[in-house]
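Peer 1: If you scroll down you'll find the structure; I have some questions about it.
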Amino acid sequence: MIQMLVGDIGGTNARFALADLMGTGEVILHDIEKIPTASHADFESALSDYLGRVGGRPALASFALAGPVVNGSVRLTNCDWDVSAVAIRTRFGMEARIVNDFAAMARGVLAQGPDAFETLIPGTPYLGAPVVVLGPGTGLGQALVLPTHGDWTVLPTEGGHRAFAPRSDEERAVLAWLQARHGYISFERVVSGMGLENLYQALCALRDQRAVFHQAPEISAAAVSGSDACAVASAQMLAMILATFAGDAVLSTGARGGVYIAGGVAEHLSPFLRGQAFAERFHERGPMSPYLANVPVLRSLDGHAALMGAAYLMAQA
């Protein structure tokens with residue numbers, strides 16, 4: 001057995017755990033904690049806080065962070081933390097690996113059994129084809145996974161920052177409203193926690209209705225309960241744009257092995273991802289619609305997949 005420290009660090013929360021990598025290849029997580037990033041000035045302070053509670057200090061660590069990795073360092077996209085493997089080694093004496101959060105998410109998701117998923121769109125994976133793992137949380141992540149010699153090779157991407165392409169008159173009006181305020185509008189601007197807030201503010205303004213809510217959790221709660229018409233419309237629009245993003249990912253990468261959707265926003269708005277409208281939006285590609293016809297779309301139910309993936313990627317290093 002190999003024990004290591006693992007972390008999944010996003011713009012809103014930092015999750016830490018101890019991971020036991022068994023001789024069978026199974027990863028067992030324990031001492032899992034979630035720490036709001038706003039509660040600490042920097043990553044090292046949050047890590048020190050966690051280590052002070054669990055006691056002990058493994059020699060190995062693997063951290064999945066929401067941002068592009070450059071030479072073992074990351075500046076988080078939606079948080080002002082800078083994280084460096086060298087700094088971690090210097091302060092904590094641990095040999096650390098820094099990986100992209102959705103690379104870890106992808107590796108962890110693919111280690112799960114069939115009970116860890118909800119089928120949103122049924123299909124049959126194409127043998128030997130790539131798989132894409134994507135999902136909205138604080139931001140919008142995407143990673144491509146290639147089957148290689150009985151294992152998986154994960155390719156992190158920044159696909160969530162592709163330019164948002166609207167598909168309806170109302171989406172075009174929302175895009176214009178957001179462009180007037182933010183300039184460049186990526187898919188992340190509309191398919192994420194921040195995206196739900198943006199859609200809600202835009203739709204309230206365009207429909208001449210008062211914006212009652214301001215934070216994604218309260219908007220999503222109002223959408224699921226049906227208590228606020230603009231919240232419902234925002235959730236419906238986010239779901240449709242997510243379907244577009246997922247279908248685009250298949251076309252641009254050849255990921256006919258399947259689409260796996262993860263992330264907290266997908267979990268909270270899961271009722272809006274079920275049904276014919278989501279599937280039709282995913283499949284509607286003009287002459288290329290048959291290309292997506294049999295691609296399965298699954299939603300991950302495991303909130304700790306990225307922690308497990310960080311451990312697997314450390315073992316592969």
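Scheme for the structure tokens: letters A, B, ... for chains in order shown; per-chain residue numbers from 1; ligand numbers from 1 in order shown.
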Return as a tab-separated table the residues of stretch 58-160 of chain A lying at most 6 Å from stretch 3-27 of chain A, together with the closest atom-to-atom pair for each and the distance in Å to one decimal, counting only C-alpha atoms, with rows in chain order and ascending residue number.
Peer 2:
residue	atom	partner	partner_atom	distance
A:Pro58	CA	A:Met4	CA	5.4
A:Leu60	CA	A:Met4	CA	4.9
A:Ala61	CA	A:Leu5	CA	4.5
A:Ser62	CA	A:Val6	CA	4.9
A:Phe63	CA	A:Gly7	CA	4.5
A:Ala64	CA	A:Asp8	CA	4.8
A:Leu65	CA	A:Ile9	CA	4.7
A:Ala66	CA	A:Gly10	CA	5.2
A:Asn78	CA	A:Gly11	CA	4.7
A:Cys79	CA	A:Gly11	CA	5.0
A:Thr138	CA	A:Gly11	CA	5.9
Peer 1: Create the file for the chosen residues now, containing C-alpha atoms and written as a tab-separated table (two decimals), in the first residue's frame.
Peer 2:
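Result written to result.tsv:
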chain	number	residue	atom	x	y	z
A	58	PRO	CA	2.81	11.60	3.81
A	60	LEU	CA	3.88	11.95	-1.52
A	61	ALA	CA	1.18	14.41	-2.56
A	62	SER	CA	-0.88	15.02	-5.67
A	63	PHE	CA	-2.95	18.15	-6.14
A	64	ALA	CA	-5.57	18.77	-8.83
A	65	LEU	CA	-5.99	22.48	-9.47
A	66	ALA	CA	-8.45	24.49	-11.57
A	78	ASN	CA	-11.08	31.70	-10.51
A	79	CYS	CA	-9.04	32.30	-7.35
A	138	THR	CA	-17.08	27.32	-10.30
Peer 1: Excluding A:Pro114 and any residue of its chain fewer than 3 positions from it, enumerate the residues within 12 Å of it, using only C-alpha atoms, and give them as an MDAnalysis selection string.
Peer 2: chainID A and resid 109:111 117:119 298:302
Peer 1: Kindly assemble as a tab-separated table a list of the stretch 187-213 of chain A residues that lie within 10 Å of stretch 177-182 of chain A, each paired with its nearest atom pair and their distance in Å to one decimal, using only C-alpha atoms, sorted first by chain and then by ascending residue number.
Peer 2:
residue	atom	partner	partner_atom	distance
A:Arg189	CA	A:Leu178	CA	8.9
A:Val190	CA	A:Leu178	CA	9.4
A:Asn198	CA	A:Leu178	CA	7.6
A:Leu199	CA	A:Leu178	CA	8.7
A:Gln201	CA	A:Leu178	CA	9.4
A:Ala202	CA	A:Trp177	CA	6.5
A:Leu203	CA	A:Trp177	CA	9.2
A:Ala205	CA	A:Trp177	CA	8.8
A:Leu206	CA	A:Trp177	CA	8.3
Peer 1: Determine, counting only C-alpha atoms, which protein, DNA and RNA residues have an atom within 7 Å of an atom of A:Ala246; residues of the same chain fewer than 4 positions away are not included. Present the result as a VMD selection string.
Peer 2: chain A and resid 242 250 282
Peer 1: Env of A:Val297: 10 Å cut, atoms = only C-alpha atoms, seq-sep filter 6 positions within chain, self excluded. Answer as an NGL selection string.
Peer 2: :A and (117-125 or 132-133 or 243 or 246-247 or 257-261 or 279 or 282)
Peer 1: Write out as an mmCIF file with N, CA and C atoms, in the first residue's frame all residues of stretch 45-264 of chain A that backbone DSSP assigns to helix (DSSP H, G or I).
Peer 2:
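New file selection_30.cif:
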data_model
loop_
_atom_site.group_PDB
_atom_site.id
_atom_site.type_symbol
_atom_site.label_atom_id
_atom_site.label_comp_id
_atom_site.auth_asym_id
_atom_site.auth_seq_id
_atom_site.Cartn_x
_atom_site.Cartn_y
_atom_site.Cartn_z
ATOM 1 N N SER A 45 -1.450 28.021 3.323
ATOM 2 C CA SER A 45 -2.155 28.207 4.592
ATOM 3 C C SER A 45 -3.285 27.193 4.746
ATOM 4 N N ALA A 46 -4.041 26.959 3.666
ATOM 5 C CA ALA A 46 -5.130 25.981 3.714
ATOM 6 C C ALA A 46 -4.581 24.572 3.932
ATOM 7 N N LEU A 47 -3.492 24.233 3.252
ATOM 8 C CA LEU A 47 -2.889 22.912 3.408
ATOM 9 C C LEU A 47 -2.356 22.722 4.823
ATOM 10 N N SER A 48 -1.710 23.734 5.368
ATOM 11 C CA SER A 48 -1.195 23.657 6.731
ATOM 12 C C SER A 48 -2.330 23.456 7.727
ATOM 13 N N ASP A 49 -3.444 24.125 7.495
ATOM 14 C CA ASP A 49 -4.631 23.985 8.336
ATOM 15 C C ASP A 49 -5.111 22.531 8.326
ATOM 16 N N TYR A 50 -5.200 21.948 7.130
ATOM 17 C CA TYR A 50 -5.649 20.561 7.021
ATOM 18 C C TYR A 50 -4.675 19.606 7.708
ATOM 19 N N LEU A 51 -3.387 19.755 7.439
ATOM 20 C CA LEU A 51 -2.390 18.851 8.027
ATOM 21 C C LEU A 51 -2.377 18.940 9.550
ATOM 22 N N GLY A 52 -2.654 20.116 10.068
ATOM 23 C CA GLY A 52 -2.688 20.273 11.515
ATOM 24 C C GLY A 52 -3.804 19.482 12.169
ATOM 25 N N ARG A 53 -4.870 19.212 11.429
ATOM 26 C CA ARG A 53 -5.985 18.449 11.995
ATOM 27 C C ARG A 53 -5.822 16.946 11.818
ATOM 28 N N VAL A 54 -5.288 16.506 10.694
ATOM 29 C CA VAL A 54 -5.214 15.063 10.456
ATOM 30 C C VAL A 54 -3.989 14.434 11.099
ATOM 31 N N ALA A 85 4.799 23.094 -7.039
ATOM 32 C CA ALA A 85 5.339 21.855 -6.472
ATOM 33 C C ALA A 85 6.630 22.125 -5.710
ATOM 34 N N VAL A 86 7.443 23.045 -6.205
ATOM 35 C CA VAL A 86 8.696 23.380 -5.527
ATOM 36 C C VAL A 86 8.423 23.999 -4.165
ATOM 37 N N ALA A 87 7.470 24.919 -4.098
ATOM 38 C CA ALA A 87 7.137 25.560 -2.826
ATOM 39 C C ALA A 87 6.587 24.554 -1.824
ATOM 40 N N ILE A 88 5.791 23.607 -2.290
ATOM 41 C CA ILE A 88 5.243 22.583 -1.398
ATOM 42 C C ILE A 88 6.361 21.709 -0.849
ATOM 43 N N ARG A 89 7.288 21.327 -1.715
ATOM 44 C CA ARG A 89 8.420 20.505 -1.273
ATOM 45 C C ARG A 89 9.273 21.256 -0.253
ATOM 46 N N THR A 90 9.484 22.529 -0.510
ATOM 47 C CA THR A 90 10.328 23.329 0.375
ATOM 48 C C THR A 90 9.693 23.505 1.750
ATOM 49 N N ARG A 91 8.412 23.801 1.796
ATOM 50 C CA ARG A 91 7.769 24.091 3.081
ATOM 51 C C ARG A 91 7.339 22.839 3.830
ATOM 52 N N PHE A 92 6.824 21.835 3.094
ATOM 53 C CA PHE A 92 6.217 20.696 3.765
ATOM 54 C C PHE A 92 7.037 19.408 3.649
ATOM 55 N N ASP A 101 -7.207 20.118 -12.734
ATOM 56 C CA ASP A 101 -8.317 19.513 -11.990
ATOM 57 C C ASP A 101 -9.167 18.588 -12.840
ATOM 58 N N PHE A 102 -9.388 18.951 -14.120
ATOM 59 C CA PHE A 102 -10.229 18.073 -14.920
ATOM 60 C C PHE A 102 -9.470 16.890 -15.489
ATOM 61 N N ALA A 103 -8.153 16.970 -15.523
ATOM 62 C CA ALA A 103 -7.383 15.762 -15.828
ATOM 63 C C ALA A 103 -7.587 14.754 -14.708
ATOM 64 N N ALA A 104 -7.523 15.220 -13.462
ATOM 65 C CA ALA A 104 -7.770 14.333 -12.323
ATOM 66 C C ALA A 104 -9.219 13.859 -12.301
ATOM 67 N N MET A 105 -10.139 14.761 -12.575
ATOM 68 C CA MET A 105 -11.548 14.376 -12.617
ATOM 69 C C MET A 105 -11.770 13.271 -13.645
ATOM 70 N N ALA A 106 -11.187 13.447 -14.819
ATOM 71 C CA ALA A 106 -11.365 12.466 -15.889
ATOM 72 C C ALA A 106 -10.828 11.104 -15.470
ATOM 73 N N ARG A 107 -9.626 11.085 -14.893
ATOM 74 C CA ARG A 107 -9.031 9.798 -14.498
ATOM 75 C C ARG A 107 -9.830 9.137 -13.383
ATOM 76 N N GLY A 108 -10.332 9.954 -12.459
ATOM 77 C CA GLY A 108 -11.133 9.399 -11.372
ATOM 78 C C GLY A 108 -12.481 8.885 -11.837
ATOM 79 N N VAL A 109 -13.120 9.626 -12.738
ATOM 80 C CA VAL A 109 -14.419 9.205 -13.260
ATOM 81 C C VAL A 109 -14.308 7.854 -13.952
ATOM 82 N N PRO A 114 -20.206 1.058 -12.859
ATOM 83 C CA PRO A 114 -21.422 1.540 -13.530
ATOM 84 C C PRO A 114 -22.438 2.184 -12.595
ATOM 85 N N ASP A 115 -22.427 1.822 -11.308
ATOM 86 C CA ASP A 115 -23.391 2.400 -10.371
ATOM 87 C C ASP A 115 -23.070 3.850 -10.021
ATOM 88 N N ALA A 116 -21.920 4.344 -10.448
ATOM 89 C CA ALA A 116 -21.502 5.705 -10.110
ATOM 90 C C ALA A 116 -21.978 6.728 -11.130
ATOM 91 N N GLY A 159 -10.969 23.780 -22.853
ATOM 92 C CA GLY A 159 -12.109 23.880 -23.756
ATOM 93 C C GLY A 159 -13.240 24.742 -23.242
ATOM 94 N N GLY A 160 -13.351 24.895 -21.926
ATOM 95 C CA GLY A 160 -14.420 25.717 -21.373
ATOM 96 C C GLY A 160 -14.311 27.182 -21.744
ATOM 97 N N HIS A 161 -13.126 27.584 -22.243
ATOM 98 C CA HIS A 161 -12.922 28.981 -22.603
ATOM 99 C C HIS A 161 -13.132 29.243 -24.095
ATOM 100 N N ASP A 169 -32.805 32.818 -30.632
ATOM 101 C CA ASP A 169 -32.892 34.272 -30.546
ATOM 102 C C ASP A 169 -32.680 34.760 -29.117
ATOM 103 N N GLU A 170 -33.241 34.041 -28.145
ATOM 104 C CA GLU A 170 -33.077 34.466 -26.751
ATOM 105 C C GLU A 170 -31.626 34.320 -26.305
ATOM 106 N N GLU A 171 -30.963 33.254 -26.723
ATOM 107 C CA GLU A 171 -29.548 33.094 -26.384
ATOM 108 C C GLU A 171 -28.712 34.191 -27.041
ATOM 109 N N ARG A 172 -29.067 34.577 -28.267
ATOM 110 C CA ARG A 172 -28.336 35.666 -28.922
ATOM 111 C C ARG A 172 -28.533 36.983 -28.170
ATOM 112 N N ALA A 173 -29.736 37.209 -27.658
ATOM 113 C CA ALA A 173 -29.996 38.421 -26.879
ATOM 114 C C ALA A 173 -29.201 38.398 -25.569
ATOM 115 N N VAL A 174 -29.115 37.224 -24.945
ATOM 116 C CA VAL A 174 -28.322 37.085 -23.720
ATOM 117 C C VAL A 174 -26.846 37.347 -24.017
ATOM 118 N N LEU A 175 -26.354 36.787 -25.118
ATOM 119 C CA LEU A 175 -24.957 37.010 -25.490
ATOM 120 C C LEU A 175 -24.677 38.504 -25.680
ATOM 121 N N ALA A 176 -25.552 39.204 -26.370
ATOM 122 C CA ALA A 176 -25.353 40.639 -26.594
ATOM 123 C C ALA A 176 -25.348 41.399 -25.269
ATOM 124 N N TRP A 177 -26.253 41.029 -24.362
ATOM 125 C CA TRP A 177 -26.328 41.684 -23.049
ATOM 126 C C TRP A 177 -25.043 41.461 -22.260
ATOM 127 N N LEU A 178 -24.528 40.246 -22.297
ATOM 128 C CA LEU A 178 -23.299 39.933 -21.567
ATOM 129 C C LEU A 178 -22.070 40.558 -22.216
ATOM 130 N N GLN A 179 -22.040 40.581 -23.549
ATOM 131 C CA GLN A 179 -20.893 41.189 -24.241
ATOM 132 C C GLN A 179 -20.767 42.669 -23.908
ATOM 133 N N ALA A 180 -21.881 43.326 -23.741
ATOM 134 C CA ALA A 180 -21.853 44.748 -23.407
ATOM 135 C C ALA A 180 -21.211 44.994 -22.044
ATOM 136 N N ARG A 181 -21.199 43.961 -21.208
ATOM 137 C CA ARG A 181 -20.661 44.105 -19.856
ATOM 138 C C ARG A 181 -19.300 43.449 -19.664
ATOM 139 N N HIS A 182 -19.030 42.391 -20.425
ATOM 140 C CA HIS A 182 -17.808 41.614 -20.182
ATOM 141 C C HIS A 182 -16.900 41.479 -21.404
ATOM 142 N N PHE A 187 -17.875 29.863 -23.112
ATOM 143 C CA PHE A 187 -18.885 28.950 -22.575
ATOM 144 C C PHE A 187 -18.862 28.981 -21.050
ATOM 145 N N GLU A 188 -17.687 29.148 -20.451
ATOM 146 C CA GLU A 188 -17.614 29.175 -18.989
ATOM 147 C C GLU A 188 -18.436 30.312 -18.397
ATOM 148 N N ARG A 189 -18.564 31.410 -19.125
ATOM 149 C CA ARG A 189 -19.333 32.553 -18.648
ATOM 150 C C ARG A 189 -20.818 32.250 -18.508
ATOM 151 N N GLY A 193 -21.185 27.979 -12.177
ATOM 152 C CA GLY A 193 -21.895 28.701 -11.125
ATOM 153 C C GLY A 193 -22.015 30.174 -11.477
ATOM 154 N N MET A 194 -20.897 30.759 -11.890
ATOM 155 C CA MET A 194 -20.900 32.140 -12.369
ATOM 156 C C MET A 194 -21.840 32.295 -13.565
ATOM 157 N N GLY A 195 -21.864 31.280 -14.436
ATOM 158 C CA GLY A 195 -22.704 31.329 -15.623
ATOM 159 C C GLY A 195 -24.180 31.371 -15.291
ATOM 160 N N LEU A 196 -24.584 30.602 -14.276
ATOM 161 C CA LEU A 196 -25.991 30.614 -13.866
ATOM 162 C C LEU A 196 -26.375 32.001 -13.369
ATOM 163 N N GLU A 197 -25.479 32.632 -12.623
ATOM 164 C CA GLU A 197 -25.732 33.994 -12.152
ATOM 165 C C GLU A 197 -25.840 34.959 -13.332
ATOM 166 N N ASN A 198 -24.941 34.818 -14.309
ATOM 167 C CA ASN A 198 -24.975 35.693 -15.485
ATOM 168 C C ASN A 198 -26.261 35.522 -16.288
ATOM 169 N N LEU A 199 -26.661 34.260 -16.501
ATOM 170 C CA LEU A 199 -27.886 34.003 -17.247
ATOM 171 C C LEU A 199 -29.101 34.580 -16.525
ATOM 172 N N TYR A 200 -29.132 34.410 -15.223
ATOM 173 C CA TYR A 200 -30.271 34.911 -14.448
ATOM 174 C C TYR A 200 -30.371 36.434 -14.529
ATOM 175 N N GLN A 201 -29.232 37.119 -14.350
ATOM 176 C CA GLN A 201 -29.242 38.579 -14.422
ATOM 177 C C GLN A 201 -29.659 39.049 -15.819
ATOM 178 N N ALA A 202 -29.135 38.377 -16.846
ATOM 179 C CA ALA A 202 -29.456 38.764 -18.216
ATOM 180 C C ALA A 202 -30.929 38.551 -18.532
ATOM 181 N N LEU A 203 -31.461 37.392 -18.167
ATOM 182 C CA LEU A 203 -32.856 37.087 -18.493
ATOM 183 C C LEU A 203 -33.809 37.983 -17.721
ATOM 184 N N CYS A 204 -33.478 38.277 -16.455
ATOM 185 C CA CYS A 204 -34.324 39.209 -15.703
ATOM 186 C C CYS A 204 -34.355 40.571 -16.388
ATOM 187 N N ALA A 205 -33.198 41.038 -16.828
ATOM 188 C CA ALA A 205 -33.137 42.346 -17.489
ATOM 189 C C ALA A 205 -33.886 42.333 -18.814
ATOM 190 N N LEU A 206 -33.698 41.287 -19.607
ATOM 191 C CA LEU A 206 -34.330 41.213 -20.922
ATOM 192 C C LEU A 206 -35.838 41.029 -20.822
ATOM 193 N N ALA A 216 -25.467 31.687 -7.114
ATOM 194 C CA ALA A 216 -25.856 30.473 -7.841
ATOM 195 C C ALA A 216 -26.652 29.478 -6.989
ATOM 196 N N PRO A 217 -26.276 29.203 -5.728
ATOM 197 C CA PRO A 217 -27.056 28.218 -4.959
ATOM 198 C C PRO A 217 -28.520 28.596 -4.792
ATOM 199 N N GLU A 218 -28.806 29.883 -4.556
ATOM 200 C CA GLU A 218 -30.200 30.271 -4.374
ATOM 201 C C GLU A 218 -30.952 30.292 -5.711
ATOM 202 N N ILE A 219 -30.246 30.596 -6.791
ATOM 203 C CA ILE A 219 -30.891 30.552 -8.108
ATOM 204 C C ILE A 219 -31.235 29.117 -8.476
ATOM 205 N N SER A 220 -30.287 28.195 -8.256
ATOM 206 C CA SER A 220 -30.543 26.797 -8.596
ATOM 207 C C SER A 220 -31.663 26.223 -7.726
ATOM 208 N N ALA A 221 -31.706 26.599 -6.445
ATOM 209 C CA ALA A 221 -32.780 26.118 -5.570
ATOM 210 C C ALA A 221 -34.134 26.623 -6.047
ATOM 211 N N ALA A 222 -34.185 27.893 -6.447
ATOM 212 C CA ALA A 222 -35.446 28.447 -6.948
ATOM 213 C C ALA A 222 -35.840 27.812 -8.275
ATOM 214 N N ALA A 223 -34.844 27.452 -9.089
ATOM 215 C CA ALA A 223 -35.141 26.796 -10.367
ATOM 216 C C ALA A 223 -35.728 25.409 -10.147
ATOM 217 N N VAL A 224 -35.116 24.643 -9.260
ATOM 218 C CA VAL A 224 -35.593 23.282 -9.010
ATOM 219 C C VAL A 224 -36.976 23.291 -8.372
ATOM 220 N N SER A 225 -37.218 24.243 -7.474
ATOM 221 C CA SER A 225 -38.532 24.327 -6.824
ATOM 222 C C SER A 225 -39.587 24.933 -7.739
ATOM 223 N N ALA A 229 -39.652 32.325 -12.044
ATOM 224 C CA ALA A 229 -39.703 32.030 -13.480
ATOM 225 C C ALA A 229 -38.362 32.268 -14.158
ATOM 226 N N CYS A 230 -37.667 33.331 -13.786
ATOM 227 C CA CYS A 230 -36.370 33.606 -14.407
ATOM 228 C C CYS A 230 -35.321 32.584 -13.977
ATOM 229 N N ALA A 231 -35.421 32.106 -12.752
ATOM 230 C CA ALA A 231 -34.498 31.064 -12.299
ATOM 231 C C ALA A 231 -34.712 29.784 -13.098
ATOM 232 N N VAL A 232 -35.973 29.430 -13.316
ATOM 233 C CA VAL A 232 -36.279 28.242 -14.126
ATOM 234 C C VAL A 232 -35.746 28.418 -15.542
ATOM 235 N N ALA A 233 -35.998 29.577 -16.136
ATOM 236 C CA ALA A 233 -35.532 29.837 -17.501
ATOM 237 C C ALA A 233 -34.012 29.816 -17.574
ATOM 238 N N SER A 234 -33.345 30.316 -16.552
ATOM 239 C CA SER A 234 -31.875 30.308 -16.517
ATOM 240 C C SER A 234 -31.334 28.895 -16.466
ATOM 241 N N ALA A 235 -31.936 28.059 -15.625
ATOM 242 C CA ALA A 235 -31.499 26.669 -15.518
ATOM 243 C C ALA A 235 -31.744 25.921 -16.822
ATOM 244 N N GLN A 236 -32.891 26.179 -17.446
ATOM 245 C CA GLN A 236 -33.190 25.534 -18.725
ATOM 246 C C GLN A 236 -32.189 25.961 -19.795
ATOM 247 N N MET A 237 -31.852 27.234 -19.830
ATOM 248 C CA MET A 237 -30.905 27.722 -20.826
ATOM 249 C C MET A 237 -29.515 27.159 -20.564
ATOM 250 N N LEU A 238 -29.090 27.127 -19.302
ATOM 251 C CA LEU A 238 -27.779 26.555 -18.987
ATOM 252 C C LEU A 238 -27.715 25.101 -19.447
ATOM 253 N N ALA A 239 -28.781 24.344 -19.209
ATOM 254 C CA ALA A 239 -28.796 22.940 -19.623
ATOM 255 C C ALA A 239 -28.676 22.803 -21.133
ATOM 256 N N MET A 240 -29.378 23.643 -21.882
ATOM 257 C CA MET A 240 -29.309 23.565 -23.332
ATOM 258 C C MET A 240 -27.918 23.945 -23.850
ATOM 259 N N ILE A 241 -27.319 24.966 -23.246
ATOM 260 C CA ILE A 241 -25.982 25.375 -23.681
ATOM 261 C C ILE A 241 -24.959 24.307 -23.305
ATOM 262 N N LEU A 242 -25.146 23.649 -22.162
ATOM 263 C CA LEU A 242 -24.266 22.535 -21.786
ATOM 264 C C LEU A 242 -24.374 21.407 -22.807
ATOM 265 N N ALA A 243 -25.582 21.133 -23.294
ATOM 266 C CA ALA A 243 -25.761 20.106 -24.326
ATOM 267 C C ALA A 243 -25.020 20.483 -25.598
ATOM 268 N N THR A 244 -25.075 21.761 -25.972
ATOM 269 C CA THR A 244 -24.316 22.238 -27.130
ATOM 270 C C THR A 244 -22.819 22.052 -26.909
ATOM 271 N N PHE A 245 -22.344 22.457 -25.737
ATOM 272 C CA PHE A 245 -20.923 22.338 -25.411
ATOM 273 C C PHE A 245 -20.474 20.880 -25.472
ATOM 274 N N ALA A 246 -21.280 19.974 -24.928
ATOM 275 C CA ALA A 246 -20.934 18.557 -24.927
ATOM 276 C C ALA A 246 -20.895 17.999 -26.349
ATOM 277 N N GLY A 247 -21.881 18.343 -27.162
ATOM 278 C CA GLY A 247 -21.880 17.873 -28.542
ATOM 279 C C GLY A 247 -20.711 18.425 -29.335
ATOM 280 N N ASP A 248 -20.388 19.703 -29.112
ATOM 281 C CA ASP A 248 -19.227 20.301 -29.771
ATOM 282 C C ASP A 248 -17.945 19.566 -29.390
ATOM 283 N N ALA A 249 -17.846 19.164 -28.114
ATOM 284 C CA ALA A 249 -16.648 18.465 -27.648
ATOM 285 C C ALA A 249 -16.466 17.147 -28.382
ATOM 286 N N VAL A 250 -17.566 16.442 -28.636
ATOM 287 C CA VAL A 250 -17.476 15.182 -29.376
ATOM 288 C C VAL A 250 -17.012 15.441 -30.804
ATOM 289 N N LEU A 251 -17.609 16.430 -31.451
ATOM 290 C CA LEU A 251 -17.242 16.722 -32.840
ATOM 291 C C LEU A 251 -15.787 17.170 -32.964
ATOM 292 N N SER A 252 -15.314 17.978 -32.029
ATOM 293 C CA SER A 252 -13.972 18.554 -32.152
ATOM 294 C C SER A 252 -12.863 17.609 -31.704
ATOM 295 N N THR A 253 -13.202 16.559 -30.956
ATOM 296 C CA THR A 253 -12.174 15.638 -30.454
ATOM 297 C C THR A 253 -12.345 14.206 -30.942
ATOM 298 N N GLY A 264 -20.416 20.337 -9.664
ATOM 299 C CA GLY A 264 -21.496 20.628 -8.733
ATOM 300 C C GLY A 264 -22.717 21.248 -9.371
#
Peer 1: Give me, please, the distance in Å between atom CA of A:His304 and atom CA of A:Phe278, quoted to one decimal.
Peer 2: 25.6 Å
Peer 1: Just how far from atom CA of A:Asp151 is atom CA of A:Gly137, in Å to one decimal?
Peer 2: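 Atom-to-atom, atom CA of A:Gly137 and atom CA of A:Asp151 are spaced 27.0 Å apart.
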Peer 1: Provide the atom CA of A:Ala255 to atom CA of A:Trp152 distance in Å, to one decimal place.
Peer 2: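 A separation of 13.5 Å between them.
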Peer 1: Hey, what does DSSP flag as strand (DSSP E or B) within stretch 36-177 of chain A? Can you give it to me as a VMD selection string?
Peer 2: chain A and resid 36 60 to 65 70 73 to 75 82 to 84 95 to 100 117 to 121 131 to 136 140 to 148 151 to 157 163
Peer 1: Nearest residue to A:Val191 out of A:Gly263, A:Gly67, A:Pro271, A:Pro156, using only C-alpha atoms?
Peer 2: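 When distances to A:Val191 are compared using only C-alpha atoms, the smallest one comes from A:Gly263.
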